[in-house]
Structure formats: C-alpha cells, structure tokens
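Novice: Structure supplied as target.csv; contents: CSV, C-alpha atoms and all ligand atoms.
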chain,number,residue,atom,x,y,z
A,1275,MET,CA,-31.5,3.7,37.2
A,1276,ASN,CA,-28.5,4.0,39.4
A,1277,SER,CA,-26.4,7.1,38.8
A,1278,LEU,CA,-23.1,7.1,36.9
A,1279,ASN,CA,-20.1,9.3,37.1
A,1280,GLN,CA,-21.3,12.3,35.2
A,1281,GLN,CA,-17.8,13.4,34.3
A,1282,PHE,CA,-17.8,10.8,31.5
A,1283,GLU,CA,-20.5,12.8,29.7
A,1284,PHE,CA,-17.7,15.2,28.8
A,1285,ILE,CA,-15.5,12.6,27.3
A,1286,ARG,CA,-15.6,11.9,23.7
A,1287,GLN,CA,-14.6,8.5,22.3
A,1288,SER,CA,-11.0,8.7,21.1
A,1289,PRO,CA,-11.3,10.0,17.6
A,1290,THR,CA,-8.4,7.9,16.4
A,1291,VAL,CA,-10.2,4.8,17.7
A,1292,ALA,CA,-13.5,6.0,16.2
A,1293,MET,CA,-12.0,6.5,12.8
A,1294,ASN,CA,-10.2,3.2,13.1
A,1295,ASP,CA,-13.5,1.4,13.8
A,1296,ARG,CA,-15.0,3.1,10.8
A,1297,ILE,CA,-12.1,2.0,8.6
A,1298,VAL,CA,-12.2,-1.6,9.9
A,1299,ALA,CA,-16.0,-1.7,9.2
A,1300,PHE,CA,-15.4,-0.4,5.7
A,1301,MET,CA,-12.7,-3.0,5.1
A,1302,ALA,CA,-15.0,-5.8,6.4
A,1303,THR,CA,-17.3,-5.1,3.4
A,1304,GLY,CA,-14.5,-6.3,1.2
A,1305,LYS,CA,-13.2,-2.8,0.2
A,1306,LYS,CA,-9.4,-2.2,0.0
A,1307,VAL,CA,-8.0,0.4,2.2
A,1308,ILE,CA,-4.4,1.7,2.8
A,1309,PRO,CA,-4.5,2.1,6.5
A,1310,LEU,CA,-2.5,5.2,7.5
A,1311,GLN,CA,-4.6,6.1,10.6
A,1312,VAL,CA,-2.9,4.4,13.5
A,1313,GLY,CA,0.1,5.4,15.5
A,1314,ASP,CA,1.6,1.9,15.9
A,1315,PRO,CA,5.0,1.0,14.5
A,1316,ASP,CA,4.7,-1.4,11.6
A,1317,PHE,CA,7.9,-3.2,12.8
A,1318,ALA,CA,8.0,-6.3,14.9
A,1319,THR,CA,9.5,-5.9,18.4
A,1320,PRO,CA,13.2,-6.7,18.1
A,1321,GLN,CA,13.8,-10.5,18.5
A,1322,PRO,CA,16.3,-10.3,21.4
A,1323,ILE,CA,13.5,-8.6,23.5
A,1324,LEU,CA,11.1,-11.4,22.7
A,1325,ASP,CA,13.8,-14.0,23.6
A,1326,LEU,CA,14.5,-12.3,26.9
A,1327,ALA,CA,10.7,-12.1,27.8
A,1328,MET,CA,10.3,-15.8,27.0
A,1329,LYS,CA,13.2,-16.7,29.2
A,1330,ALA,CA,11.8,-14.5,32.0
A,1331,MET,CA,8.4,-16.2,31.7
A,1332,GLN,CA,10.0,-19.7,31.7
A,1333,SER,CA,12.0,-18.8,34.8
A,1334,GLY,CA,8.8,-18.2,36.7
A,1335,LEU,CA,8.4,-14.4,36.5
A,1336,THR,CA,4.7,-14.9,36.0
A,1337,HIS,CA,3.5,-13.8,39.5
A,1338,TYR,CA,3.1,-10.4,41.1
A,1339,GLY,CA,6.1,-8.1,41.0
A,1340,PRO,CA,7.0,-4.8,42.8
A,1341,SER,CA,4.5,-2.0,42.2
A,1342,GLN,CA,7.2,0.6,41.7
A,1343,GLY,CA,8.9,-1.7,39.2
A,1344,PHE,CA,12.0,-3.9,39.5
A,1345,PRO,CA,15.0,-1.9,40.7
A,1346,GLU,CA,16.8,-3.2,37.6
A,1347,LEU,CA,14.3,-1.5,35.3
A,1348,ARG,CA,14.2,1.7,37.3
A,1349,GLN,CA,18.0,1.8,37.2
A,1350,ALA,CA,17.9,1.2,33.4
A,1351,ALA,CA,15.4,4.0,33.0
A,1352,ALA,CA,17.6,6.4,35.1
A,1353,LEU,CA,20.7,5.4,33.1
A,1354,LYS,CA,18.8,6.0,29.8
A,1355,LEU,CA,17.6,9.4,31.0
A,1356,GLU,CA,21.2,10.4,31.8
A,1357,ARG,CA,22.6,8.9,28.6
A,1358,ASP,CA,20.0,10.3,26.2
A,1359,ASN,CA,18.4,13.2,27.9
A,1360,ASP,CA,21.1,14.8,30.2
A,1361,VAL,CA,18.9,14.5,33.3
A,1362,ILE,CA,19.7,12.7,36.5
A,1363,TYR,CA,16.9,10.8,38.3
A,1364,ASP,CA,17.2,8.7,41.5
A,1365,PRO,CA,15.8,5.3,40.6
A,1366,GLU,CA,14.9,4.7,44.2
A,1367,SER,CA,12.6,7.6,44.7
A,1368,GLU,CA,12.0,9.4,41.4
A,1369,ILE,CA,11.0,6.7,38.9
A,1370,LEU,CA,7.9,4.6,38.7
A,1371,VAL,CA,7.3,1.8,36.1
A,1372,THR,CA,3.9,2.2,34.4
A,1373,HIS,CA,1.5,0.4,32.1
A,1374,GLY,CA,2.7,2.4,29.0
A,1375,GLY,CA,3.0,6.1,28.6
A,1376,ILE,CA,-0.7,6.6,28.8
A,1377,HIS,CA,-0.7,5.2,32.3
A,1378,ALA,CA,2.4,7.3,33.2
A,1379,PHE,CA,0.4,10.3,32.1
A,1380,TYR,CA,-2.7,9.3,34.1
A,1381,LEU,CA,-0.7,8.7,37.3
A,1382,ALA,CA,1.1,11.9,36.8
A,1383,MET,CA,-2.1,13.9,36.5
A,1384,GLN,CA,-3.8,12.0,39.3
A,1385,SER,CA,-0.9,12.7,41.6
A,1386,ILE,CA,-1.0,16.5,41.2
A,1387,LEU,CA,-4.5,17.6,40.2
A,1388,ASN,CA,-7.3,18.6,42.5
A,1389,PRO,CA,-10.9,19.0,41.2
A,1390,GLY,CA,-11.5,22.3,39.6
A,1391,ASP,CA,-7.8,23.0,38.8
A,1392,ASP,CA,-7.1,24.5,35.4
A,1393,VAL,CA,-5.0,22.5,33.0
A,1394,LEU,CA,-3.4,24.2,30.0
A,1395,VAL,CA,-3.2,22.0,26.9
A,1396,PRO,CA,-2.0,23.1,23.5
A,1397,ASP,CA,-4.5,22.8,20.6
A,1398,PRO,CA,-4.0,20.7,18.5
A,1399,THR,CA,-2.7,17.8,20.6
A,1400,TRP,CA,-3.4,14.1,21.4
A,1401,ALA,CA,-7.0,14.0,22.6
A,1402,THR,CA,-6.2,11.8,25.6
A,1403,HIS,CA,-4.3,14.6,27.4
A,1404,ALA,CA,-7.5,16.6,27.7
A,1405,ASN,CA,-9.7,13.6,28.4
A,1406,MET,CA,-7.6,12.5,31.3
A,1407,ALA,CA,-7.7,15.9,32.9
A,1408,VAL,CA,-11.5,15.9,32.5
A,1409,MET,CA,-11.8,12.4,34.0
A,1410,LEU,CA,-9.9,13.8,37.0
A,1411,ARG,CA,-12.3,16.7,37.2
A,1412,GLY,CA,-9.9,19.3,36.0
A,1413,ASN,CA,-10.9,22.2,33.7
A,1414,VAL,CA,-9.1,22.0,30.4
A,1415,ILE,CA,-8.0,25.3,28.8
A,1416,ARG,CA,-6.9,24.9,25.3
A,1417,VAL,CA,-4.1,27.2,24.2
A,1418,PRO,CA,-3.9,27.7,20.4
A,1419,ALA,CA,-0.8,26.3,18.7
A,1420,PRO,CA,-1.5,27.3,15.1
A,1421,ALA,CA,0.3,26.1,12.1
A,1422,GLU,CA,1.5,29.7,11.5
A,1423,ASN,CA,3.4,29.5,14.8
A,1424,GLY,CA,5.0,26.1,14.0
A,1425,PHE,CA,2.2,24.5,16.0
A,1426,LEU,CA,3.5,26.0,19.3
A,1427,PRO,CA,1.5,28.3,21.5
A,1428,SER,CA,2.9,31.9,21.6
A,1429,PHE,CA,3.9,33.1,25.0
A,1430,ALA,CA,1.2,35.8,24.8
A,1431,ASP,CA,-1.4,33.0,24.5
A,1432,TRP,CA,0.1,31.0,27.3
A,1433,GLU,CA,0.0,34.1,29.5
A,1434,ARG,CA,-3.6,34.9,28.4
A,1435,ALA,CA,-4.7,31.4,29.4
A,1436,ILE,CA,-3.6,31.8,33.1
A,1437,THR,CA,-6.2,32.0,35.8
A,1438,PRO,CA,-5.8,31.9,39.6
A,1439,ARG,CA,-6.7,28.2,39.3
A,1440,THR,CA,-4.1,27.2,36.8
A,1441,ARG,CA,-1.9,24.4,38.1
A,1442,VAL,CA,-0.6,22.4,35.2
A,1443,ILE,CA,0.8,22.8,31.7
A,1444,VAL,CA,0.7,19.6,29.6
A,1445,ILE,CA,3.0,19.4,26.6
A,1446,ASN,CA,3.9,16.7,24.2
A,1447,TYR,CA,7.0,17.1,22.0
A,1448,PRO,CA,7.6,15.8,19.4
A,1449,SER,CA,3.9,16.2,19.0
A,1450,ASN,CA,1.2,13.9,18.0
A,1451,PRO,CA,-0.3,14.9,15.6
A,1452,THR,CA,2.0,17.7,14.2
A,1453,GLY,CA,5.5,16.3,14.8
A,1454,ALA,CA,6.5,19.8,16.0
A,1455,TYR,CA,8.9,20.4,18.9
A,1456,PRO,CA,10.3,23.6,20.2
A,1457,THR,CA,13.8,25.0,20.4
A,1458,ARG,CA,15.8,24.8,23.6
A,1459,ALA,CA,15.2,28.5,24.1
A,1460,TYR,CA,11.4,28.1,23.9
A,1461,LEU,CA,11.4,25.3,26.4
A,1462,GLN,CA,13.6,27.4,28.8
A,1463,LYS,CA,11.2,30.2,28.5
A,1464,LEU,CA,8.3,27.8,29.1
A,1465,GLN,CA,10.0,26.6,32.3
A,1466,ASP,CA,10.5,30.2,33.4
A,1467,PHE,CA,6.8,30.9,32.7
A,1468,ALA,CA,5.8,27.8,34.7
A,1469,ALA,CA,8.1,28.8,37.6
A,1470,ALA,CA,6.7,32.3,37.6
A,1471,HIS,CA,3.1,31.0,37.9
A,1472,HIS,CA,3.9,28.0,40.2
A,1473,LEU,CA,2.8,25.5,37.6
A,1474,TRP,CA,3.6,21.8,37.1
A,1475,VAL,CA,4.9,20.9,33.7
A,1476,VAL,CA,3.7,17.4,32.5
A,1477,SER,CA,5.8,16.5,29.5
A,1478,ASP,CA,4.8,13.6,27.4
A,1479,GLU,CA,8.0,12.6,25.6
A,1480,VAL,CA,7.0,9.2,24.2
A,1481,TYR,CA,8.2,10.2,20.7
A,1482,GLU,CA,11.5,11.6,21.9
A,1483,ASN,CA,13.6,9.1,19.8
A,1484,LEU,CA,11.8,10.0,16.6
A,1485,PHE,CA,13.3,13.2,15.2
A,1486,TYR,CA,14.6,14.2,11.8
A,1487,GLY,CA,16.7,17.2,12.6
A,1488,GLU,CA,18.3,18.4,15.8
A,1489,LYS,CA,17.6,16.2,18.8
A,1490,PRO,CA,14.7,17.5,20.9
A,1491,THR,CA,15.7,18.8,24.4
A,1492,CYS,CA,14.2,17.1,27.4
A,1493,THR,CA,11.9,19.4,29.3
A,1494,ALA,CA,13.5,18.7,32.6
A,1495,ALA,CA,17.0,19.5,31.4
A,1496,PHE,CA,17.2,23.1,32.7
A,1497,PRO,CA,18.4,24.4,36.0
A,1498,ASN,CA,15.8,23.8,38.7
A,1499,ALA,CA,13.3,22.5,36.1
A,1500,LYS,CA,13.2,19.0,37.6
A,1501,GLU,CA,11.3,20.1,40.7
A,1502,ARG,CA,8.3,21.1,38.7
A,1503,THR,CA,8.5,18.7,35.8
A,1504,LEU,CA,6.9,15.3,35.3
A,1505,LEU,CA,8.3,13.2,32.5
A,1506,VAL,CA,6.1,10.7,30.7
A,1507,HIS,CA,8.2,8.0,28.9
A,1508,SER,CA,7.3,4.9,27.1
A,1509,LEU,CA,9.0,2.0,25.3
A,1510,SER,CA,6.0,1.7,22.8
A,1511,LYS,CA,7.1,3.9,19.9
A,1512,THR,CA,10.9,3.7,20.2
A,1513,TYR,CA,11.2,-0.1,20.4
A,1514,ALA,CA,8.0,-1.1,18.6
A,1515,MET,CA,6.6,-2.4,21.9
A,1516,THR,CA,3.1,-0.9,21.9
A,1517,GLY,CA,1.4,-4.1,23.0
A,1518,TRP,CA,3.7,-4.8,25.9
A,1519,ARG,CA,2.3,-1.9,27.8
A,1520,VAL,CA,5.3,-0.5,29.6
A,1521,GLY,CA,6.6,3.0,30.2
A,1522,TYR,CA,7.7,5.0,33.2
A,1523,LEU,CA,7.1,8.3,35.0
A,1524,ALA,CA,10.2,10.3,36.2
A,1525,ALA,CA,9.2,13.0,38.6
A,1526,PRO,CA,9.9,14.6,42.1
A,1527,ALA,CA,9.9,12.0,44.9
A,1528,LEU,CA,6.7,13.4,46.4
A,1529,VAL,CA,4.8,13.0,43.1
A,1530,ILE,CA,6.2,9.5,42.7
A,1531,GLU,CA,4.9,8.7,46.3
A,1532,ASN,CA,1.3,9.6,45.2
A,1533,ALA,CA,1.7,7.9,41.8
A,1534,LEU,CA,2.9,4.7,43.4
A,1535,LYS,CA,-0.2,4.7,45.7
A,1536,ALA,CA,-2.4,5.2,42.7
A,1537,GLY,CA,-0.7,2.5,40.7
A,1538,GLN,CA,-0.6,0.0,43.5
A,1539,ASN,CA,-4.3,0.4,44.2
A,1540,SER,CA,-5.3,0.1,40.5
A,1541,ILE,CA,-3.0,-2.2,38.6
A,1542,THR,CA,-0.7,-3.7,41.3
A,1543,CYS,CA,2.2,-3.9,38.9
A,1544,VAL,CA,3.4,-4.2,35.3
A,1545,ALA,CA,3.8,-7.9,34.3
A,1546,PRO,CA,7.2,-8.9,35.7
A,1547,PHE,CA,8.4,-10.6,32.5
A,1548,VAL,CA,7.5,-7.4,30.6
A,1549,GLN,CA,9.6,-5.4,33.1
A,1550,LYS,CA,12.6,-7.7,32.5
A,1551,ALA,CA,12.2,-7.2,28.8
A,1552,ALA,CA,11.9,-3.5,29.2
A,1553,ALA,CA,15.1,-3.3,31.3
A,1554,PHE,CA,16.9,-5.1,28.6
A,1555,ALA,CA,15.4,-3.0,25.8
A,1556,LEU,CA,16.5,0.3,27.5
A,1557,SER,CA,20.1,-0.8,28.0
A,1558,ASP,CA,21.1,-3.3,25.4
A,1559,PRO,CA,23.3,-1.7,22.6
A,1560,GLY,CA,22.0,-4.0,19.9
A,1561,VAL,CA,18.4,-2.9,20.7
A,1562,GLN,CA,19.5,0.8,20.6
A,1563,GLN,CA,20.9,0.0,17.1
A,1564,ALA,CA,17.6,-1.6,16.1
A,1565,ALA,CA,15.7,1.5,17.4
A,1566,GLN,CA,18.0,3.8,15.3
A,1567,GLU,CA,17.3,1.6,12.2
A,1568,MET,CA,13.5,2.0,12.7
A,1569,ARG,CA,14.0,5.8,13.0
A,1570,ALA,CA,16.0,5.7,9.7
A,1571,ALA,CA,13.1,3.9,8.1
A,1572,TYR,CA,10.6,6.6,9.2
A,1573,ALA,CA,13.1,9.2,8.0
A,1574,ARG,CA,13.2,7.5,4.6
A,1575,ARG,CA,9.4,7.4,4.3
A,1576,ARG,CA,9.2,11.1,5.4
A,1577,GLU,CA,11.7,11.9,2.6
A,1578,ALA,CA,9.6,9.9,0.1
A,1579,VAL,CA,6.4,11.8,1.0
A,1580,LEU,CA,8.3,15.1,0.6
A,1581,ARG,CA,9.8,14.0,-2.7
A,1582,VAL,CA,6.3,13.1,-4.1
A,1583,ALA,CA,4.9,16.4,-2.7
A,1584,GLY,CA,7.6,18.3,-4.6
A,1585,GLU,CA,7.0,16.3,-7.7
A,1586,LEU,CA,3.2,16.7,-7.7
A,1587,GLU,CA,3.2,20.4,-6.5
A,1588,SER,CA,-0.4,20.2,-5.3
A,1589,LYS,CA,-1.9,23.5,-4.1
A,1590,LYS,CA,-4.8,21.6,-2.5
A,1591,VAL,CA,-2.8,19.5,0.0
A,1592,LEU,CA,0.4,20.6,1.5
A,1593,ALA,CA,2.9,18.2,3.2
A,1594,VAL,CA,4.5,20.3,5.9
A,1595,PRO,CA,7.8,18.4,6.9
A,1596,PRO,CA,7.3,17.0,10.4
A,1597,MET,CA,10.2,17.6,12.7
A,1598,GLY,CA,9.6,14.4,14.7
A,1599,ALA,CA,7.2,11.5,15.6
A,1600,PHE,CA,5.8,9.4,12.7
A,1601,TYR,CA,3.0,11.5,11.3
A,1602,PHE,CA,2.4,14.1,8.6
A,1603,PHE,CA,-0.2,16.7,9.5
A,1604,LEU,CA,-1.4,17.3,6.0
A,1605,ASP,CA,-2.7,20.8,5.3
A,1606,PHE,CA,-6.0,20.7,3.4
A,1607,ARG,CA,-7.1,24.2,4.3
A,1608,ALA,CA,-7.2,25.1,0.6
A,1609,LEU,CA,-10.2,22.8,0.2
A,1610,LYS,CA,-12.3,24.7,2.8
A,1611,MET,CA,-13.9,21.4,3.9
A,1612,PRO,CA,-14.2,20.0,7.4
A,1613,SER,CA,-11.5,17.5,8.1
A,1614,LEU,CA,-14.0,14.8,9.1
A,1615,GLU,CA,-15.6,15.1,5.6
A,1616,ILE,CA,-12.2,15.0,4.0
A,1617,CYS,CA,-11.4,11.8,5.8
A,1618,GLU,CA,-14.8,10.2,5.1
A,1619,ARG,CA,-14.5,11.0,1.4
A,1620,LEU,CA,-10.9,9.8,1.3
A,1621,LEU,CA,-12.1,6.6,2.8
A,1622,SER,CA,-15.0,6.0,0.5
A,1623,GLU,CA,-13.7,7.5,-2.7
A,1624,ALA,CA,-9.9,6.7,-2.5
A,1625,GLY,CA,-9.7,3.8,0.0
A,1626,MET,CA,-7.5,5.8,2.5
A,1627,GLY,CA,-7.5,5.4,6.3
A,1628,LEU,CA,-6.7,8.7,8.0
A,1629,VAL,CA,-7.6,10.8,11.1
A,1630,PRO,CA,-9.3,14.2,10.9
A,1631,GLY,CA,-7.3,17.0,12.3
A,1632,ALA,CA,-10.3,18.3,14.2
A,1633,ALA,CA,-10.0,15.2,16.4
A,1634,PHE,CA,-7.0,17.0,18.0
A,1635,GLY,CA,-8.6,20.3,18.6
A,1636,GLN,CA,-10.1,23.3,16.8
A,1637,GLN,CA,-6.7,24.4,15.5
A,1638,GLY,CA,-6.4,21.0,13.7
A,1639,GLU,CA,-9.4,21.8,11.5
A,1640,GLY,CA,-8.5,21.7,7.9
A,1641,PHE,CA,-5.7,19.2,8.6
A,1642,VAL,CA,-5.5,15.4,8.3
A,1643,ARG,CA,-3.1,13.1,10.2
A,1644,MET,CA,-1.3,10.5,8.1
A,1645,THR,CA,1.0,8.0,9.7
A,1646,ILE,CA,4.3,7.0,8.2
A,1647,ALA,CA,4.4,3.9,10.5
A,1648,ALA,CA,3.5,1.7,7.6
A,1649,SER,CA,5.5,0.1,4.8
A,1650,ASP,CA,7.4,2.3,2.3
A,1651,GLU,CA,5.0,1.2,-0.5
A,1652,GLU,CA,1.9,2.0,1.5
A,1653,VAL,CA,3.1,5.4,2.6
A,1654,GLU,CA,4.1,6.5,-0.9
A,1655,ALA,CA,1.1,4.9,-2.7
A,1656,GLY,CA,-1.2,6.3,0.0
A,1657,PHE,CA,0.2,9.8,-0.3
A,1658,ARG,CA,-0.2,9.7,-4.1
A,1659,LYS,CA,-3.8,8.7,-3.8
A,1660,ILE,CA,-4.5,11.5,-1.3
A,1661,VAL,CA,-3.1,14.1,-3.6
A,1662,ALA,CA,-4.9,12.6,-6.7
A,1663,TRP,CA,-8.2,12.7,-4.7
A,1664,ALA,CA,-7.6,16.3,-3.5
A,1665,GLU,CA,-6.9,17.4,-7.1
A,1666,THR,CA,-10.4,16.1,-8.1
A,1667,VAL,CA,-12.1,18.3,-5.6
A,1668,LYS,CA,-13.6,21.3,-7.3
A,1669,GLY,CA,-13.2,24.8,-5.9
A,1670,GLY,CA,-11.3,25.5,-2.8
B,1,LIG,C1,1.3,11.6,22.6
B,1,LIG,C2,1.1,10.2,23.0
B,1,LIG,N1,1.4,9.9,24.3
B,1,LIG,C3,1.2,8.7,24.8
B,1,LIG,C4,0.8,7.7,24.0
B,1,LIG,C5,0.6,6.3,24.6
B,1,LIG,O1,1.6,5.5,24.4
B,1,LIG,P1,1.8,4.1,25.2
B,1,LIG,O2,1.6,3.0,24.3
B,1,LIG,O3,3.1,4.2,25.8
B,1,LIG,O4,0.7,4.1,26.3
B,1,LIG,C6,0.5,7.9,22.7
B,1,LIG,C7,0.1,6.8,21.8
B,1,LIG,O5,-0.3,7.0,20.7
B,1,LIG,C8,0.7,9.2,22.2
B,1,LIG,O6,0.5,9.5,20.9
Just give me the structure as structure tokens.
Ligand SMILES: Cc1ncc(COP(=O)(O)O)c(C=O)c1O
Specialist:
Amino acid sequence: MNSLNQQFEFIRQSPTVAMNDRIVAFMATGKKVIPLQVGDPDFATPQPILDLAMKAMQSGLTHYGPSQGFPELRQAAALKLERDNDVIYDPESEILVTHGGIHAFYLAMQSILNPGDDVLVPDPTWATHANMAVMLRGNVIRVPAPAENGFLPSFADWERAITPRTRVIVINYPSNPTGAYPTRAYLQKLQDFAAAHHLWVVSDEVYENLFYGEKPTCTAAFPNAKERTLLVHSLSKTYAMTGWRVGYLAAPALVIENALKAGQNSITCVAPFVQKAAAFALSDPGVQQAAQEMRAAYARRREAVLRVAGELESKKVLAVPPMGAFYFFLDFRALKMPSLEICERLLSEAGMGLVPGAAFGQQGEGFVRMTIAASDEEVEAGFRKIVAWAETVKGG
C-alpha cells in the first residue's frame, strides 16, 4: 500500500457536515425534521447580482482570469474596507481574491506558517480553523473561551498558552458558534499582546455584517495593527452568496505575495463572472440595502427566540442572546448530558436538526448550536420543540 499524508489522521470530518449527513439520512426515511443545523442564509442571492453574473457570462467572461482577482474587485474590496471597517488597504498589493472565506483563511495560514509552529485558537470555535492549521503541520493550542467569560479567552489564558514556538493567533468575531465578539478595548489589548510576542493575528471576519448591538470593530483598525493582521473576508454570509465561492484576504504585501503564489498554483483564479458579480455586490447601494434587510430578518428571528425563551422560562435550556452571526449557542448544561447525545435525541425524538457544541471544542460541551438562518416559522417552531423536549428530560 502506498503511503498517505499522515497529517490527515489528525483531522476529523467537519462535525457540522457529519451532523448534516445524519440529518439528511434521517429525513430520507420519510421523517420530518426542522433543519436548524447549517450556517447558510435561507435567502436567495439578490436578483441584481444574478443579473450581473449572467451578463458577465454572456459577454464571454468564462475563461481564465487574473489570479489575484480583477483590479475592479480588489478596488471594490478596498473601498468596502475603508467604508465599513475604517481600514485602508492597497488594492494593488494588499488584497487577494479567494475562493470564499475558507480559502482566504487557508491561503493566509499557508503564507505564514512553518511546520511545528504553535497556533493559538480559542475554544470553542469553528472547527476548520484548527483543522487547517493541522493540515499545514502546525500545533494547535486551544485557549479556553468559556461561557462565563462571554466566550472570550482571558488574557491570563492567552498568556499561559504562549510557547517559544507560538507564531499565530486565530480569531473569529462575531464567532461561529457563539455569536460573541469583543469590545474595542479587548481587541486593542489583544493586538498589544500579539505585538509583544511577535505574533500574527489571523482574523476571520466573515460574519462582520451580522451584529445586533454595537458594530464589531475590525481587528486591523488599531495603530500599527495592520502589519501583523491578516483579514479573512467573504461575500457568503452578508450577501447570501455561499455557493458562489468568493471572498478575499487583506494582509501585508509580503503575505499577499505568498498567498498569490499558493492560489495561483492551486486554483488559478476565482471564476471571472463570479468576480464581476462580487465587485458589484460589494459596491452597489441597492445590494447593501438588501444585505441590511437580511440582517434585520435575522434580528427579528433572534428576538422571537428570546421572546419565546422569556415566555417558557425553561431552566433546562437557556438561550443566551447572541451578539452577532446567525446562531444561538443554546446552553443545555443543566441536563448534564453530552451535547452529541442531546442532538441525537433531539433529532430522533423531536425532529430537530442541530449541531453539538462539542464539535467546536471542549468548552462547547453542554451547548448546542441552532441557526436562525431559516424561516421565521421554522426558527420559532423549532425553538419551541427544543424547549418542550428539554422539559421532558428527567433529572439534570
Ligand atoms: C467562521 C467561518 N469562517 C469561514 C467560513 C467559510 O465561509 P465561505 O463560504 O466564505 O468560505 C464559515 C462558514 O460557515 C465560517 O463559519
């Protein structure tokens, strides 16, 4: 038998995908399920984006395009970063168009990481962040971000995690799965910490437009922070464009040089008609309005869940209000049951599709992720079913 890359032995299948497969198989047996497990907007991509992509295809943009991305799209991304995030990036040298946020993250890590480098990742967080680091032969050090601390690592814990090999901090705010994001003061302190230890900060900001209180601060928007920060951006969540596979990396020019080589030698380019549509999406005022309307719908569903939680007053499942993204990280710790068992029972006994919190790290144990990127009816009915099921569980 020929040998394989052993690194993959350390990579678990994405738990969200695994749970989704289980739910789809369950539904295939004719059982009804309210699917609140996936992080994909339930909205259609706004029509003007579709129209523009169609036109671009018809005009012949169906061949190879520039690997770094069309200048027009890089310019649109730079203007967006300035407009929405108060950061200035040079579209010539500091922005690279990528195949979604996931690819931006991969290229970011590939550009800076050497085998054996330590990568600090909060726990809980989206599983892909750790998996990518492992694929690239990094050592993942998980830094506890417990519910009691607003799902943020304490600075004592960040400090404790440092070794002579630490090179990178990975953060994702608003967070998948918790919806948490830090204050400006916390981020400033994190940047100071990164500077003191000569660390890169890779900041996955794909949920930046989904917030329900004060707007989150961009991690690069502090004096001298840009030089050590790599921003991962995507059009997927903001514009309901998950299937288009387009995002971008904003980072120091030397990082972009590496990332461009990696992108060029792996995917050549993002489909040119998709790039055209993305440039339009980032800059068209009507599309920004459509994005705000989608955010308002998530906010409405979030309120509905909180209203029902207030009405039912369950002690067995707590709905902590998410600050951003489109998930509730429901607190089932009172049941003293593993989150995988909770999800399996909720699927078979209540017809609910959810993701176990343990899928996002040890600190996620006892929690369950429920998306609100589903219809108002599904979200409210689903949450009622979850509470009703929890109330039937004895003990806890
Ligand atoms: C935190 C986080 N980052 C990145 C992504 C990837 O998004 P994209 O569709 O842009 O690749 C996701 C998708 O669920 C996510 O939750």
Novice: Hey, can you check how far atom O4 of ligand LIG 1 (chain B) sits from atom CA of A:Thr1402?
Specialist: 10.4 Å
Novice: If I put a ball of radius 10 Å at (7.7, 8.7, 22.3) in the file's coordinates, which residues poke into it when counting only C-alpha atoms, written as number ranges by chain?
Specialist: A: 1375, 1446-1450, 1478-1484, 1506-1513, 1521, 1598-1600
Novice: Hey, can I get the axis-aligned box for ligand LIG 1 (chain B)? All listed atoms, 4 Å padding on each side, centre and edge lengths in Å to one decimal, as JSON.
Specialist:
{"center_x": 1.4, "center_y": 7.3, "center_z": 23.5, "size_x": 11.4, "size_y": 16.6, "size_z": 13.6}
Novice: Just to confirm, what's the straight-line distance from atom CA of A:Phe1554 to atom CA of A:His1373 in Å (one decimal)?
Specialist: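 If I compute the distance from atom CA of A:Phe1554 to atom CA of A:His1373, I get 16.7 Å.
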Novice: Could you check which of A:Asn1279, A:Ser1385, A:Ser1622, A:Ser1613 is closest to A:Lys1305, using all atoms listed in the file?
Specialist: A:Ser1622
Novice: With all atoms listed in the file counted, which protein, DNA or RNA residues have an atom no more than 7 Å from (-0.6, 13.4, -3.8) in the file frame? Please answer as a list in words.
Specialist: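 These residues have at least one counted atom within 7 Å: Val1582, Ala1583, Leu1586, Ser1588, Phe1657, Arg1658, Lys1659, Ile1660, Val1661 and Ala1662 of chain A.
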Novice: Expressed in Å to a single decimal, how great is the separation between atom CA of A:Pro1612 and atom CA of A:Gly1640?
Specialist: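 Atom CA of A:Pro1612 sits 6.0 Å away from atom CA of A:Gly1640.
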Novice: Give me stretch 1292-1307 of chain A with N, CA and C atoms filled in, as a CSV table (one decimal), keeping the file's coordinate frame.
Specialist:
chain,number,residue,atom,x,y,z
A,1292,ALA,N,-12.3,5.9,17.0
A,1292,ALA,CA,-13.5,6.0,16.2
A,1292,ALA,C,-13.3,5.9,14.7
A,1293,MET,N,-12.3,6.6,14.2
A,1293,MET,CA,-12.0,6.5,12.8
A,1293,MET,C,-11.5,5.1,12.4
A,1294,ASN,N,-10.7,4.6,13.3
A,1294,ASN,CA,-10.2,3.2,13.1
A,1294,ASN,C,-11.3,2.2,12.9
A,1295,ASP,N,-12.3,2.3,13.9
A,1295,ASP,CA,-13.5,1.4,13.8
A,1295,ASP,C,-14.2,1.6,12.5
A,1296,ARG,N,-14.4,2.8,12.0
A,1296,ARG,CA,-15.0,3.1,10.8
A,1296,ARG,C,-14.3,2.4,9.6
A,1297,ILE,N,-13.0,2.5,9.7
A,1297,ILE,CA,-12.1,2.0,8.6
A,1297,ILE,C,-12.2,0.5,8.6
A,1298,VAL,N,-12.1,-0.1,9.8
A,1298,VAL,CA,-12.2,-1.6,9.9
A,1298,VAL,C,-13.6,-2.1,9.3
A,1299,ALA,N,-14.6,-1.4,9.7
A,1299,ALA,CA,-16.0,-1.7,9.2
A,1299,ALA,C,-16.0,-1.6,7.7
A,1300,PHE,N,-15.4,-0.6,7.2
A,1300,PHE,CA,-15.4,-0.4,5.7
A,1300,PHE,C,-14.6,-1.5,5.0
A,1301,MET,N,-13.5,-1.9,5.6
A,1301,MET,CA,-12.7,-3.0,5.1
A,1301,MET,C,-13.5,-4.4,5.1
A,1302,ALA,N,-14.3,-4.5,6.2
A,1302,ALA,CA,-15.0,-5.8,6.4
A,1302,ALA,C,-16.0,-6.0,5.2
A,1303,THR,N,-16.4,-4.9,4.5
A,1303,THR,CA,-17.3,-5.1,3.4
A,1303,THR,C,-16.5,-5.5,2.1
A,1304,GLY,N,-15.3,-5.8,2.3
A,1304,GLY,CA,-14.5,-6.3,1.2
A,1304,GLY,C,-13.7,-5.2,0.4
A,1305,LYS,N,-13.9,-3.9,0.9
A,1305,LYS,CA,-13.2,-2.8,0.2
A,1305,LYS,C,-11.7,-2.7,0.6
A,1306,LYS,N,-10.9,-2.4,-0.3
A,1306,LYS,CA,-9.4,-2.2,0.0
A,1306,LYS,C,-9.1,-0.9,0.6
A,1307,VAL,N,-8.3,-0.8,1.6
A,1307,VAL,CA,-8.0,0.4,2.2
A,1307,VAL,C,-6.5,0.5,2.5
